[in-house]
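What follows is my_file_0.pdb (PDB, C-alpha atoms and all ligand atoms).
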ATOM      1  CA  MET A  10      50.778 -46.920 104.465
ATOM      2  CA  SER A  11      47.307 -45.433 104.462
ATOM      3  CA  ASN A  12      48.071 -42.829 107.112
ATOM      4  CA  ARG A  13      51.351 -41.728 105.591
ATOM      5  CA  PRO A  14      49.993 -38.519 104.028
ATOM      6  CA  GLU A  15      48.583 -37.568 107.428
ATOM      7  CA  ARG A  16      51.919 -38.177 109.136
ATOM      8  CA  THR A  17      53.585 -36.036 106.496
ATOM      9  CA  PHE A  18      50.969 -33.413 107.182
ATOM     10  CA  VAL A  19      51.612 -33.436 110.918
ATOM     11  CA  GLU A  20      55.357 -32.986 110.368
ATOM     12  CA  GLY A  21      54.814 -30.306 107.755
ATOM     13  CA  PHE A  22      52.342 -28.435 109.861
ATOM     14  CA  GLY A  23      54.614 -28.491 112.899
ATOM     15  CA  ARG A  24      57.299 -26.938 110.702
ATOM     16  CA  ALA A  25      54.811 -24.390 109.344
ATOM     17  CA  LEU A  26      53.994 -23.186 112.849
ATOM     18  CA  ALA A  27      57.644 -23.043 113.879
ATOM     19  CA  GLN A  28      59.040 -21.473 110.717
ATOM     20  CA  GLY A  29      56.461 -18.860 109.911
ATOM     21  CA  GLU A  30      54.740 -20.439 106.903
ATOM     22  CA  LEU A  31      51.403 -19.422 108.406
ATOM     23  CA  HIS A  32      49.994 -15.949 108.267
ATOM     24  CA  MET A  33      46.744 -14.181 109.015
ATOM     25  CA  VAL A  34      44.564 -12.239 106.606
ATOM     26  CA  TYR A  35      41.629 -10.075 107.641
ATOM     27  CA  GLN A  36      38.228  -9.679 105.994
ATOM     28  CA  PRO A  37      36.274  -6.481 106.759
ATOM     29  CA  LYS A  38      32.679  -6.507 107.982
ATOM     30  CA  ILE A  39      30.742  -3.286 107.557
ATOM     31  CA  ARG A  40      27.646  -1.757 109.107
ATOM     32  CA  LEU A  41      24.842  -1.784 106.556
ATOM     33  CA  ASP A  42      23.291   1.471 107.814
ATOM     34  CA  CYS A  43      26.365   3.622 107.173
ATOM     35  CA  GLY A  44      29.095   1.534 105.524
ATOM     36  CA  ALA A  45      31.503   1.955 108.445
ATOM     37  CA  LEU A  46      34.009  -0.806 109.204
ATOM     38  CA  THR A  47      32.783  -2.579 112.345
ATOM     39  CA  ARG A  48      35.145  -5.519 112.638
ATOM     40  CA  LEU A  49      37.676  -7.704 110.862
ATOM     41  CA  GLU A  50      37.466 -11.482 110.689
ATOM     42  CA  ALA A  51      40.909 -13.036 111.073
ATOM     43  CA  LEU A  52      41.517 -15.996 108.742
ATOM     44  CA  VAL A  53      44.605 -18.196 108.718
ATOM     45  CA  ARG A  54      46.576 -18.950 105.549
ATOM     46  CA  TRP A  55      49.289 -21.559 105.043
ATOM     47  CA  ASP A  56      51.860 -20.870 102.353
ATOM     48  CA  GLU A  57      53.222 -24.356 101.884
ATOM     49  CA  PRO A  58      56.601 -24.077 100.081
ATOM     50  CA  GLU A  59      55.798 -26.818  97.558
ATOM     51  CA  LEU A  60      52.007 -26.784  97.359
ATOM     52  CA  GLY A  61      51.487 -23.015  97.507
ATOM     53  CA  PRO A  62      48.570 -21.561  99.514
ATOM     54  CA  VAL A  63      46.605 -24.224 101.424
ATOM     55  CA  GLU A  64      43.019 -23.381 102.473
ATOM     56  CA  PRO A  65      42.141 -23.692 106.183
ATOM     57  CA  SER A  66      39.298 -26.074 105.314
ATOM     58  CA  ARG A  67      42.029 -28.535 104.259
ATOM     59  CA  PHE A  68      44.268 -28.335 107.311
ATOM     60  CA  VAL A  69      42.120 -27.267 110.281
ATOM     61  CA  PRO A  70      40.261 -30.622 110.502
ATOM     62  CA  LEU A  71      43.634 -32.446 110.453
ATOM     63  CA  ALA A  72      45.070 -30.088 113.055
ATOM     64  CA  GLU A  73      42.030 -30.876 115.209
ATOM     65  CA  LYS A  74      42.507 -34.587 114.768
ATOM     66  CA  HIS A  75      46.235 -34.557 115.590
ATOM     67  CA  GLY A  76      46.150 -32.338 118.660
ATOM     68  CA  LEU A  77      47.578 -29.285 116.908
ATOM     69  CA  ILE A  78      44.539 -27.036 117.149
ATOM     70  CA  GLY A  79      45.665 -25.616 120.516
ATOM     71  CA  PRO A  80      49.013 -24.297 119.231
ATOM     72  CA  LEU A  81      47.381 -23.060 116.000
ATOM     73  CA  THR A  82      44.652 -21.169 117.863
ATOM     74  CA  GLU A  83      47.029 -19.604 120.334
ATOM     75  CA  TRP A  84      49.445 -18.544 117.591
ATOM     76  CA  GLY A  85      46.626 -17.037 115.493
ATOM     77  CA  LEU A  86      45.021 -15.218 118.387
ATOM     78  CA  ARG A  87      48.303 -13.655 119.480
ATOM     79  CA  ARG A  88      49.073 -12.597 115.926
ATOM     80  CA  THR A  89      45.599 -11.094 115.493
ATOM     81  CA  LEU A  90      45.570  -9.191 118.778
ATOM     82  CA  ASN A  91      49.054  -7.803 118.128
ATOM     83  CA  GLN A  92      47.743  -6.630 114.776
ATOM     84  CA  TRP A  93      44.712  -5.023 116.447
ATOM     85  CA  ARG A  94      47.102  -2.968 118.599
ATOM     86  CA  ALA A  95      49.166  -1.938 115.577
ATOM     87  CA  TRP A  96      45.980  -0.730 113.817
ATOM     88  CA  ARG A  97      44.824   1.117 116.927
ATOM     89  CA  ASP A  98      48.182   2.876 117.093
ATOM     90  CA  GLN A  99      47.636   3.961 113.467
ATOM     91  CA  GLY A 100      44.242   5.394 114.434
ATOM     92  CA  LEU A 101      42.111   2.537 113.012
ATOM     93  CA  ASP A 102      39.502   1.888 115.656
ATOM     94  CA  THR A 103      37.918  -1.523 115.118
ATOM     95  CA  ASN A 104      37.036  -4.933 116.569
ATOM     96  CA  VAL A 105      38.261  -8.384 115.604
ATOM     97  CA  ALA A 106      36.471 -11.672 115.037
ATOM     98  CA  PHE A 107      38.390 -14.892 115.515
ATOM     99  CA  ASN A 108      37.279 -18.432 114.583
ATOM    100  CA  ILE A 109      37.376 -21.017 117.351
ATOM    101  CA  SER A 110      37.222 -24.760 116.808
ATOM    102  CA  ALA A 111      34.639 -26.690 118.830
ATOM    103  CA  VAL A 112      37.587 -28.851 119.929
ATOM    104  CA  SER A 113      39.202 -25.934 121.795
ATOM    105  CA  LEU A 114      35.944 -25.264 123.623
ATOM    106  CA  GLN A 115      36.101 -28.641 125.306
ATOM    107  CA  ARG A 116      38.717 -27.229 127.667
ATOM    108  CA  LEU A 117      36.974 -25.539 130.551
ATOM    109  CA  ASP A 118      39.992 -23.265 131.121
ATOM    110  CA  PHE A 119      40.002 -22.049 127.516
ATOM    111  CA  PRO A 120      38.148 -18.770 128.355
ATOM    112  CA  ASP A 121      40.838 -18.009 130.965
ATOM    113  CA  LEU A 122      43.562 -18.548 128.367
ATOM    114  CA  VAL A 123      41.865 -16.172 125.910
ATOM    115  CA  GLU A 124      41.422 -13.545 128.622
ATOM    116  CA  ARG A 125      45.061 -13.919 129.664
ATOM    117  CA  ILE A 126      46.248 -13.371 126.085
ATOM    118  CA  CYS A 127      44.019 -10.267 125.773
ATOM    119  CA  ASN A 128      45.461  -8.850 128.994
ATOM    120  CA  GLU A 129      49.023  -9.695 128.046
ATOM    121  CA  LEU A 130      48.673  -7.967 124.681
ATOM    122  CA  ASP A 131      46.686  -5.055 126.099
ATOM    123  CA  VAL A 132      43.507  -5.602 124.062
ATOM    124  CA  PRO A 133      40.168  -4.944 125.849
ATOM    125  CA  THR A 134      38.104  -8.175 125.797
ATOM    126  CA  GLU A 135      35.112  -6.183 124.491
ATOM    127  CA  ARG A 136      36.998  -5.763 121.190
ATOM    128  CA  LEU A 137      37.018  -9.503 120.534
ATOM    129  CA  VAL A 138      34.222 -11.649 119.077
ATOM    130  CA  LEU A 139      34.689 -15.401 118.791
ATOM    131  CA  GLU A 140      33.000 -17.156 115.860
ATOM    132  CA  LEU A 141      31.810 -20.654 116.635
ATOM    133  CA  THR A 142      30.571 -23.372 114.321
ATOM    134  CA  GLU A 143      28.811 -26.459 115.474
ATOM    135  CA  GLY A 144      31.314 -29.337 115.519
ATOM    136  CA  ALA A 145      30.199 -32.655 114.105
ATOM    137  CA  THR A 146      30.636 -34.416 117.430
ATOM    138  CA  GLN A 147      30.221 -31.663 119.962
ATOM    139  CA  PRO A 148      26.871 -29.858 119.985
ATOM    140  CA  LEU A 149      27.470 -26.326 121.241
ATOM    141  CA  ILE A 150      24.657 -26.772 123.713
ATOM    142  CA  LYS A 151      26.980 -28.994 125.771
ATOM    143  CA  LEU A 152      29.383 -26.085 126.071
ATOM    144  CA  MET A 153      27.086 -23.748 127.977
ATOM    145  CA  ASP A 154      29.516 -23.287 130.891
ATOM    146  CA  THR A 155      32.457 -22.417 128.661
ATOM    147  CA  LEU A 156      30.423 -20.005 126.550
ATOM    148  CA  THR A 157      28.997 -18.272 129.603
ATOM    149  CA  ARG A 158      32.526 -17.774 130.930
ATOM    150  CA  PHE A 159      33.454 -15.895 127.749
ATOM    151  CA  ARG A 160      30.450 -13.572 128.096
ATOM    152  CA  ILE A 161      31.247 -12.842 131.744
ATOM    153  CA  LYS A 162      34.681 -11.707 130.563
ATOM    154  CA  GLY A 163      33.108  -9.336 128.006
ATOM    155  CA  ILE A 164      34.059 -11.379 124.928
ATOM    156  CA  GLY A 165      31.398 -11.513 122.160
ATOM    157  CA  LEU A 166      30.141 -14.784 120.651
ATOM    158  CA  ALA A 167      28.908 -15.249 117.087
ATOM    159  CA  ILE A 168      27.281 -18.394 115.760
ATOM    160  CA  ASP A 169      28.849 -18.966 112.330
ATOM    161  CA  ASP A 170      27.198 -20.501 109.235
ATOM    162  CA  PHE A 171      23.789 -20.191 110.891
ATOM    163  CA  GLY A 172      21.007 -22.186 109.266
ATOM    164  CA  THR A 173      23.127 -25.140 108.132
ATOM    165  CA  GLY A 174      24.400 -28.328 109.691
ATOM    166  CA  TYR A 175      23.411 -28.846 113.281
ATOM    167  CA  SER A 176      22.642 -25.262 114.204
ATOM    168  CA  SER A 177      19.227 -25.012 115.772
ATOM    169  CA  LEU A 178      16.864 -22.467 117.205
ATOM    170  CA  LEU A 179      17.240 -24.030 120.620
ATOM    171  CA  GLN A 180      20.866 -22.906 120.679
ATOM    172  CA  LEU A 181      19.861 -19.317 120.036
ATOM    173  CA  ARG A 182      17.500 -19.487 122.938
ATOM    174  CA  GLN A 183      19.788 -21.218 125.418
ATOM    175  CA  LEU A 184      23.303 -20.055 124.584
ATOM    176  CA  PRO A 185      24.678 -16.582 125.273
ATOM    177  CA  PHE A 186      25.380 -15.504 121.670
ATOM    178  CA  THR A 187      25.722 -11.849 120.685
ATOM    179  CA  GLU A 188      25.673 -12.272 116.890
ATOM    180  CA  VAL A 189      24.197 -14.554 114.220
ATOM    181  CA  LYS A 190      26.097 -15.010 110.939
ATOM    182  CA  ILE A 191      23.648 -16.081 108.243
ATOM    183  CA  ASP A 192      25.227 -18.759 106.071
ATOM    184  CA  ARG A 193      26.232 -17.659 102.586
ATOM    185  CA  GLN A 194      24.085 -20.356 100.971
ATOM    186  CA  PHE A 195      21.006 -18.289 101.850
ATOM    187  CA  ILE A 196      22.614 -15.027 100.717
ATOM    188  CA  ARG A 197      23.724 -16.352  97.316
ATOM    189  CA  ASP A 198      20.281 -16.364  95.682
ATOM    190  CA  LEU A 199      19.042 -13.048  97.099
ATOM    191  CA  PRO A 200      17.003 -11.151  96.073
ATOM    192  CA  ASP A 201      15.514 -13.213  93.228
ATOM    193  CA  ALA A 202      14.741 -16.427  95.102
ATOM    194  CA  HIS A 203      11.597 -15.793  97.135
ATOM    195  CA  ASP A 204      12.335 -18.644  99.566
ATOM    196  CA  CYS A 205      15.793 -17.262 100.402
ATOM    197  CA  CYS A 206      14.306 -13.808 100.977
ATOM    198  CA  VAL A 207      11.782 -15.271 103.427
ATOM    199  CA  ILE A 208      14.450 -17.262 105.268
ATOM    200  CA  VAL A 209      16.937 -14.400 105.532
ATOM    201  CA  ARG A 210      14.254 -11.912 106.604
ATOM    202  CA  SER A 211      13.072 -14.353 109.255
ATOM    203  CA  ILE A 212      16.591 -14.922 110.627
ATOM    204  CA  VAL A 213      17.164 -11.155 110.816
ATOM    205  CA  ASP A 214      13.859 -10.693 112.697
ATOM    206  CA  LEU A 215      14.663 -13.599 114.963
ATOM    207  CA  ALA A 216      18.111 -12.203 115.750
ATOM    208  CA  HIS A 217      16.690  -8.772 116.523
ATOM    209  CA  GLY A 218      13.880 -10.230 118.625
ATOM    210  CA  LEU A 219      16.501 -11.961 120.760
ATOM    211  CA  GLY A 220      18.691  -8.863 120.970
ATOM    212  CA  LEU A 221      21.433 -10.196 118.662
ATOM    213  CA  THR A 222      23.320  -8.614 115.777
ATOM    214  CA  ALA A 223      22.436 -10.073 112.349
ATOM    215  CA  THR A 224      25.369 -10.473 109.965
ATOM    216  CA  ALA A 225      25.181 -11.659 106.347
ATOM    217  CA  GLU A 226      28.233 -13.523 105.045
ATOM    218  CA  GLY A 227      29.183 -14.130 101.411
ATOM    219  CA  VAL A 228      27.728 -10.870 100.034
ATOM    220  CA  GLU A 229      28.938 -10.750  96.429
ATOM    221  CA  THR A 230      26.520  -8.478  94.546
ATOM    222  CA  VAL A 231      25.155  -4.944  94.859
ATOM    223  CA  GLU A 232      21.599  -6.344  94.675
ATOM    224  CA  GLN A 233      22.238  -8.572  97.679
ATOM    225  CA  LEU A 234      23.641  -5.646  99.658
ATOM    226  CA  ARG A 235      20.686  -3.411  98.793
ATOM    227  CA  TYR A 236      18.176  -6.086  99.728
ATOM    228  CA  LEU A 237      19.904  -6.692 103.070
ATOM    229  CA  ARG A 238      19.692  -2.974 103.806
ATOM    230  CA  THR A 239      15.942  -2.905 103.095
ATOM    231  CA  ILE A 240      15.287  -5.688 105.614
ATOM    232  CA  GLY A 241      17.409  -4.076 108.332
ATOM    233  CA  CYS A 242      20.247  -6.605 108.457
ATOM    234  CA  ASP A 243      22.979  -5.025 110.613
ATOM    235  CA  VAL A 244      26.321  -6.148 109.211
ATOM    236  CA  ALA A 245      27.667  -7.535 105.904
ATOM    237  CA  GLN A 246      30.811  -9.360 104.868
ATOM    238  CA  GLY A 247      31.784 -10.704 101.451
ATOM    239  CA  TYR A 248      33.773 -10.259  98.274
ATOM    240  CA  LEU A 249      31.639  -7.275  97.174
ATOM    241  CA  ILE A 250      32.943  -5.388 100.194
ATOM    242  CA  ALA A 251      36.421  -6.871 100.393
ATOM    243  CA  ARG A 252      38.348 -10.093  99.956
ATOM    244  CA  PRO A 253      40.414 -11.134 102.965
ATOM    245  CA  LEU A 254      43.221  -8.542 103.128
ATOM    246  CA  GLU A 255      46.831  -8.540 104.201
ATOM    247  CA  ALA A 256      47.177  -6.440 107.359
ATOM    248  CA  ASP A 257      48.986  -3.588 105.633
ATOM    249  CA  ALA A 258      46.268  -3.299 102.955
ATOM    250  CA  LEU A 259      43.580  -2.234 105.419
ATOM    251  CA  ALA A 260      44.227   1.504 105.387
ATOM    252  CA  GLY A 261      44.109   1.578 101.567
ATOM    253  CA  TRP A 262      40.897  -0.461 101.494
ATOM    254  CA  THR A 263      39.222   1.853 104.023
ATOM    255  CA  ALA A 264      39.894   4.913 101.859
ATOM    256  CA  GLU A 265      38.720   3.124  98.715
ATOM    257  CA  PHE A 266      35.547   1.748 100.324
ATOM    258  CA  ASP A 267      34.521   5.160 101.695
ATOM    259  CA  GLN A 268      34.508   6.375  98.092
ATOM    260  CA  ARG A 269      32.610   3.337  96.813
ATOM    261  CA  TRP A 270      29.894   3.230  99.523
ATOM    262  CA  PRO A 271      27.617   5.975  98.070
ATOM    263  CA  GLU A 272      27.352   4.212  94.701
ATOM    264  CA  LEU A 273      26.647   0.848  96.352
ATOM    265  CA  THR A 274      23.641   2.292  98.152
ATOM    266  CA  SER A 275      22.203   4.784  95.649
TER     267      SER A 275
HETATM  268  O1  LIG B 301      32.186 -19.157 107.611
HETATM  269  P1  LIG B 301      33.315 -18.162 107.721
HETATM  270  O2  LIG B 301      32.827 -16.748 107.955
HETATM  271  O3  LIG B 301      34.351 -18.542 108.736
HETATM  272  O4  LIG B 301      33.996 -18.185 106.288
HETATM  273  C1  LIG B 301      35.147 -17.506 105.964
HETATM  274  C2  LIG B 301      35.594 -18.001 104.601
HETATM  275  O5  LIG B 301      34.681 -17.562 103.574
HETATM  276  C3  LIG B 301      36.948 -17.482 104.184
HETATM  277  O6  LIG B 301      37.724 -18.562 103.738
HETATM  278  C4  LIG B 301      36.673 -16.506 103.052
HETATM  279  O7  LIG B 301      37.707 -16.460 102.115
HETATM  280  C5  LIG B 301      35.373 -17.022 102.471
HETATM  281  N1  LIG B 301      34.553 -15.932 101.917
HETATM  282  C6  LIG B 301      34.493 -14.700 102.409
HETATM  283  N2  LIG B 301      33.657 -13.908 101.685
HETATM  284  C7  LIG B 301      33.171 -14.682 100.682
HETATM  285  C8  LIG B 301      32.264 -14.429  99.595
HETATM  286  O8  LIG B 301      31.738 -13.346  99.396
HETATM  287  N3  LIG B 301      31.995 -15.500  98.801
HETATM  288  C9  LIG B 301      32.546 -16.726  98.987
HETATM  289  N4  LIG B 301      32.217 -17.700  98.147
HETATM  290  N5  LIG B 301      33.420 -16.992  99.988
HETATM  291  C10 LIG B 301      33.731 -15.986 100.847
HETATM  292 MN    MN B 302      33.872 -17.362 110.496
END
Just dump the structure as C-alpha cells.
Ligand code: G
Ligand code: MN
Amino acid sequence: MSNRPERTFVEGFGRALAQGELHMVYQPKIRLDCGALTRLEALVRWDEPELGPVEPSRFVPLAEKHGLIGPLTEWGLRRTLNQWRAWRDQGLDTNVAFNISAVSLQRLDFPDLVERICNELDVPTERLVLELTEGATQPLIKLMDTLTRFRIKGIGLAIDDFGTGYSSLLQLRQLPFTEVKIDRQFIRDLPDAHDCCVIVRSIVDLAHGLGLTATAEGVETVEQLRYLRTIGCDVAQGYLIARPLEADALAGWTAEFDQRWPELTS
C-alpha cells in the first residue's frame, strides 16, 4: 500500500509526457552592467488536470527515482532548443540555460546526446549553458570526464545553488565550470546583513579570479540589484527582473524591461 501514491505518480507522469501536460517557462537573466537580456533559464511546469500546477521540486526527484528523468530531460531540451530557434527567427538573440539532473550525468554518452540534439535542431552548442546541482549521492567531482566532454563541445556549465549543500571550493578548482550561480539564501538578506554582503562579495571575487561568470539568483528588491551592481556581479535573475515567462510573453517583457531599467539603476 505504502508505495501506491508513487505508482500513481509514475502512471500519471507517463501520461503527462505523452499527452502534453508538461510545458516549459523561461526566466530571463540580465547583465548587471547594462540591463541587457543575456540568457533564459528553462523551467518545466506540469499542469496536472486534477491537482493544477505541480512544482518541479515535487516531481523531478520522483522522476529520477523511477527512471523517467531521461525522457523528461530529452523532451524539455528539445522543446527549449526549438523555442530558441523560434526566438532567433523573431530577431531575439539570446542564450538558454537548462537544468540537468545529476542522475543524467552518470551516463558517459550524455554529452553526445545533448550535442546531437543541438545539431538536429540547428542550435550552436555555444548558446547552451547547463545548470548543475550537486546530487545527494553523486558528488559532481566524480563526473569530471562527462563535464569535460561538454566543455570540449562548446557547451557552458553553471554550478547552481552555489554555497549550499555539498558544493565546495574544490569543485570550482577542479571542474570545468563557466558560471557560478550564488544561492538565493545569500541574496535574500542583502544589503542589510553584513555577513551576507561579505559572503556574496567573496563569491563574486572568487568567480572572477577563476575566470567564471558570477550570477545572483533570487533577486527580489531594487536594493539587492543596486548592491550587486556595486560589487561587480555580472548577471542577475529573480522576480524583480521577471517571473518565469511563457514563451510568447518574452517580446513584451523585453520592451517593458528596457523602460524599467533606468529607474532600477538610478
Ligand atoms: O535554483 P534554480 O535557479 O534552478 O531555481 C529556479 C527556481 O527558482 C524556479 O522554480 C523559480 O520559479 C524560482 N525563482 C526564480 N526567481 C526567484 C525569486 O526571485 N525568488 C524566489 N523565491 N524564487 C525564485
Ligand atoms: Mn537552475
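The shortest atom-to-atom distance to ligand LIG 301 (chain B), with only C-alpha atoms and all ligand atoms taken into account, belongs to A:Asn108 out of A:Thr17, A:Gln99, A:Ser177, A:Asn108.
In this comparison, which uses all atoms listed in the file, the residue of A:Thr155, A:Gln28, A:Thr47, A:Asn104 approaching Ala245 in chain A most closely is A:Thr47.
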For Gly247 in chain A, find every residue with an atom within 10 Å (counting only C-alpha atoms), except residues of its own chain fewer than 4 positions away, and show them as an NGL selection string. :A and (36-39 or 193 or 225-230 or 234 or 251-253)
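The space separating CA of Pro70 in chain A from CA of Leu130 in chain A comes to 28.0 Å.
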Chain A residues near ligand MN 302 (chain B) within 10 Å, closest pair each, using only C-alpha atoms and all ligand atoms, as JSON lines:
{"residue": "A:Gln36", "atom": "CA", "partner": "B:MN302", "partner_atom": "MN", "distance": 9.9}
{"residue": "A:Glu50", "atom": "CA", "partner": "B:MN302", "partner_atom": "MN", "distance": 6.9}
{"residue": "A:Ala51", "atom": "CA", "partner": "B:MN302", "partner_atom": "MN", "distance": 8.3}
{"residue": "A:Leu52", "atom": "CA", "partner": "B:MN302", "partner_atom": "MN", "distance": 8.0}
{"residue": "A:Ala106", "atom": "CA", "partner": "B:MN302", "partner_atom": "MN", "distance": 7.7}
{"residue": "A:Phe107", "atom": "CA", "partner": "B:MN302", "partner_atom": "MN", "distance": 7.2}
{"residue": "A:Asn108", "atom": "CA", "partner": "B:MN302", "partner_atom": "MN", "distance": 5.4}
{"residue": "A:Ile109", "atom": "CA", "partner": "B:MN302", "partner_atom": "MN", "distance": 8.5}
{"residue": "A:Leu139", "atom": "CA", "partner": "B:MN302", "partner_atom": "MN", "distance": 8.6}
{"residue": "A:Glu140", "atom": "CA", "partner": "B:MN302", "partner_atom": "MN", "distance": 5.4}
{"residue": "A:Leu141", "atom": "CA", "partner": "B:MN302", "partner_atom": "MN", "distance": 7.3}
{"residue": "A:Thr142", "atom": "CA", "partner": "B:MN302", "partner_atom": "MN", "distance": 7.9}
{"residue": "A:Ala167", "atom": "CA", "partner": "B:MN302", "partner_atom": "MN", "distance": 8.5}
{"residue": "A:Ile168", "atom": "CA", "partner": "B:MN302", "partner_atom": "MN", "distance": 8.5}
{"residue": "A:Asp169", "atom": "CA", "partner": "B:MN302", "partner_atom": "MN", "distance": 5.6}
{"residue": "A:Asp170", "atom": "CA", "partner": "B:MN302", "partner_atom": "MN", "distance": 7.5}
{"residue": "A:Lys190", "atom": "CA", "partner": "B:MN302", "partner_atom": "MN", "distance": 8.1}
{"residue": "A:Asp192", "atom": "CA", "partner": "B:MN302", "partner_atom": "MN", "distance": 9.8}
{"residue": "A:Glu226", "atom": "CA", "partner": "B:MN302", "partner_atom": "MN", "distance": 8.7}
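Straight-line separation from CA of Lys151 in chain A to atom O3 of ligand LIG 301 (chain B): 21.3 Å.
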Output of the PyMOL selection byres (((chain A and resi 125-128) around 12) and not hetatm), listed as a VMD selection string: chain A and resid 82 to 91 93 to 94 105 118 to 124 129 to 138 159 162 to 164
Residues just named, written with C-alpha atoms as an mmCIF file, keeping the file's coordinate frame:
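Printed below is part_13.cif as written:
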data_model
loop_
_atom_site.group_PDB
_atom_site.id
_atom_site.type_symbol
_atom_site.label_atom_id
_atom_site.label_comp_id
_atom_site.auth_asym_id
_atom_site.auth_seq_id
_atom_site.Cartn_x
_atom_site.Cartn_y
_atom_site.Cartn_z
ATOM 1 C CA THR A 82 44.652 -21.169 117.863
ATOM 2 C CA GLU A 83 47.029 -19.604 120.334
ATOM 3 C CA TRP A 84 49.445 -18.544 117.591
ATOM 4 C CA GLY A 85 46.626 -17.037 115.493
ATOM 5 C CA LEU A 86 45.021 -15.218 118.387
ATOM 6 C CA ARG A 87 48.303 -13.655 119.480
ATOM 7 C CA ARG A 88 49.073 -12.597 115.926
ATOM 8 C CA THR A 89 45.599 -11.094 115.493
ATOM 9 C CA LEU A 90 45.570 -9.191 118.778
ATOM 10 C CA ASN A 91 49.054 -7.803 118.128
ATOM 11 C CA TRP A 93 44.712 -5.023 116.447
ATOM 12 C CA ARG A 94 47.102 -2.968 118.599
ATOM 13 C CA VAL A 105 38.261 -8.384 115.604
ATOM 14 C CA ASP A 118 39.992 -23.265 131.121
ATOM 15 C CA PHE A 119 40.002 -22.049 127.516
ATOM 16 C CA PRO A 120 38.148 -18.770 128.355
ATOM 17 C CA ASP A 121 40.838 -18.009 130.965
ATOM 18 C CA LEU A 122 43.562 -18.548 128.367
ATOM 19 C CA VAL A 123 41.865 -16.172 125.910
ATOM 20 C CA GLU A 124 41.422 -13.545 128.622
ATOM 21 C CA GLU A 129 49.023 -9.695 128.046
ATOM 22 C CA LEU A 130 48.673 -7.967 124.681
ATOM 23 C CA ASP A 131 46.686 -5.055 126.099
ATOM 24 C CA VAL A 132 43.507 -5.602 124.062
ATOM 25 C CA PRO A 133 40.168 -4.944 125.849
ATOM 26 C CA THR A 134 38.104 -8.175 125.797
ATOM 27 C CA GLU A 135 35.112 -6.183 124.491
ATOM 28 C CA ARG A 136 36.998 -5.763 121.190
ATOM 29 C CA LEU A 137 37.018 -9.503 120.534
ATOM 30 C CA VAL A 138 34.222 -11.649 119.077
ATOM 31 C CA PHE A 159 33.454 -15.895 127.749
ATOM 32 C CA LYS A 162 34.681 -11.707 130.563
ATOM 33 C CA GLY A 163 33.108 -9.336 128.006
ATOM 34 C CA ILE A 164 34.059 -11.379 124.928
#
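Of the residues under consideration (A:Gln115, A:Ser211, A:Ser110, A:Thr274), A:Ser110 shows the shortest atom-to-atom contact distance to ligand LIG 301 (chain B) when counting all atoms listed in the file.
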Could you check which residues have any atom within 12 Å of (35.9, -31.0, 121.6), counting all atoms listed in the file with coordinates taken straight from the file, and then list them as JSON, numbers by chain? {"A": [70, 73, 74, 76, 78, 79, 109, 110, 111, 112, 113, 114, 115, 116, 117, 119, 142, 143, 144, 145, 146, 147, 148, 149, 151, 152, 155]}
Centre, x/y/z edge lengths, axis-aligned box for ligand LIG 301 (chain B) with 3 Å per side, as lines of an AutoDock Vina configuration file:
center_x = 34.7
center_y = -16.3
center_z = 103.4
size_x = 12.0
size_y = 11.8
size_z = 16.6
What's around Leu215 in chain A at 10 Å? Count all atoms listed in the file, leave out sequence neighbours fewer than 6 positions away in its own chain, and write the answer as a VMD selection string. chain A and resid 178 181 189 209 221 223
Mind dumping the selected residues with C-alpha atoms as a compact mmCIF listing (two decimals), keeping the file's coordinate frame?
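Result file out35.txt:
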# COMPACT_ATOMS: atom_id res chain seq x y z
CA LEU A 178 16.86 -22.47 117.20
CA LEU A 181 19.86 -19.32 120.04
CA VAL A 189 24.20 -14.55 114.22
CA VAL A 209 16.94 -14.40 105.53
CA LEU A 221 21.43 -10.20 118.66
CA ALA A 223 22.44 -10.07 112.35
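Nearest to ligand LIG 301 (chain B) of all the residues A:Asp56, A:Asp204, A:Asp98, A:Glu64 is A:Glu64, based on all atoms listed in the file.
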Taking only C-alpha atoms into account, name the residue in A:Leu156, A:Leu81, A:Leu46, A:Leu199 that is nearest to Pro185 in chain A. A:Leu156
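If you look at CA of Thr224 in chain A and CA of Gln180 in chain A, they are 17.0 Å away from each other.
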If we count all atoms listed in the file and set the cut-off at 9 Å, which residues sit around range 42-44 of chain A, ignoring sequence neighbours fewer than 2 positions away in its own chain? Please answer as a PyMOL selection string. chain A and resi 39-40+46-47+238+241-244+266-267+270-271
With all atoms listed in the file as the atoms that count, which of A:Val231, A:Val34, A:Leu71, A:Ala27 lies nearest to Leu249 in chain A? A:Val231
Once you count all atoms listed in the file, which residues end up no further than 9 Å from (50.8, -34.0, 112.4) in the file's frame, shown as an MDAnalysis selection string? chainID A and resid 15:23 71:72 74:77
Next, dump the selected residues to file, keeping only C-alpha atoms, as a compact mmCIF listing (two decimals), in the frame of the given file.
# COMPACT_ATOMS: atom_id res chain seq x y z
CA GLU A 15 48.58 -37.57 107.43
CA ARG A 16 51.92 -38.18 109.14
CA THR A 17 53.58 -36.04 106.50
CA PHE A 18 50.97 -33.41 107.18
CA VAL A 19 51.61 -33.44 110.92
CA GLU A 20 55.36 -32.99 110.37
CA GLY A 21 54.81 -30.31 107.76
CA PHE A 22 52.34 -28.44 109.86
CA GLY A 23 54.61 -28.49 112.90
CA LEU A 71 43.63 -32.45 110.45
CA ALA A 72 45.07 -30.09 113.06
CA LYS A 74 42.51 -34.59 114.77
CA HIS A 75 46.24 -34.56 115.59
CA GLY A 76 46.15 -32.34 118.66
CA LEU A 77 47.58 -29.28 116.91
Hits of the PyMOL selection byres (((chain A and resi 31) around 9) and not hetatm) in this structure, as an MDAnalysis selection string: chainID A and resid 25:26 28:30 32:33 53:57 85
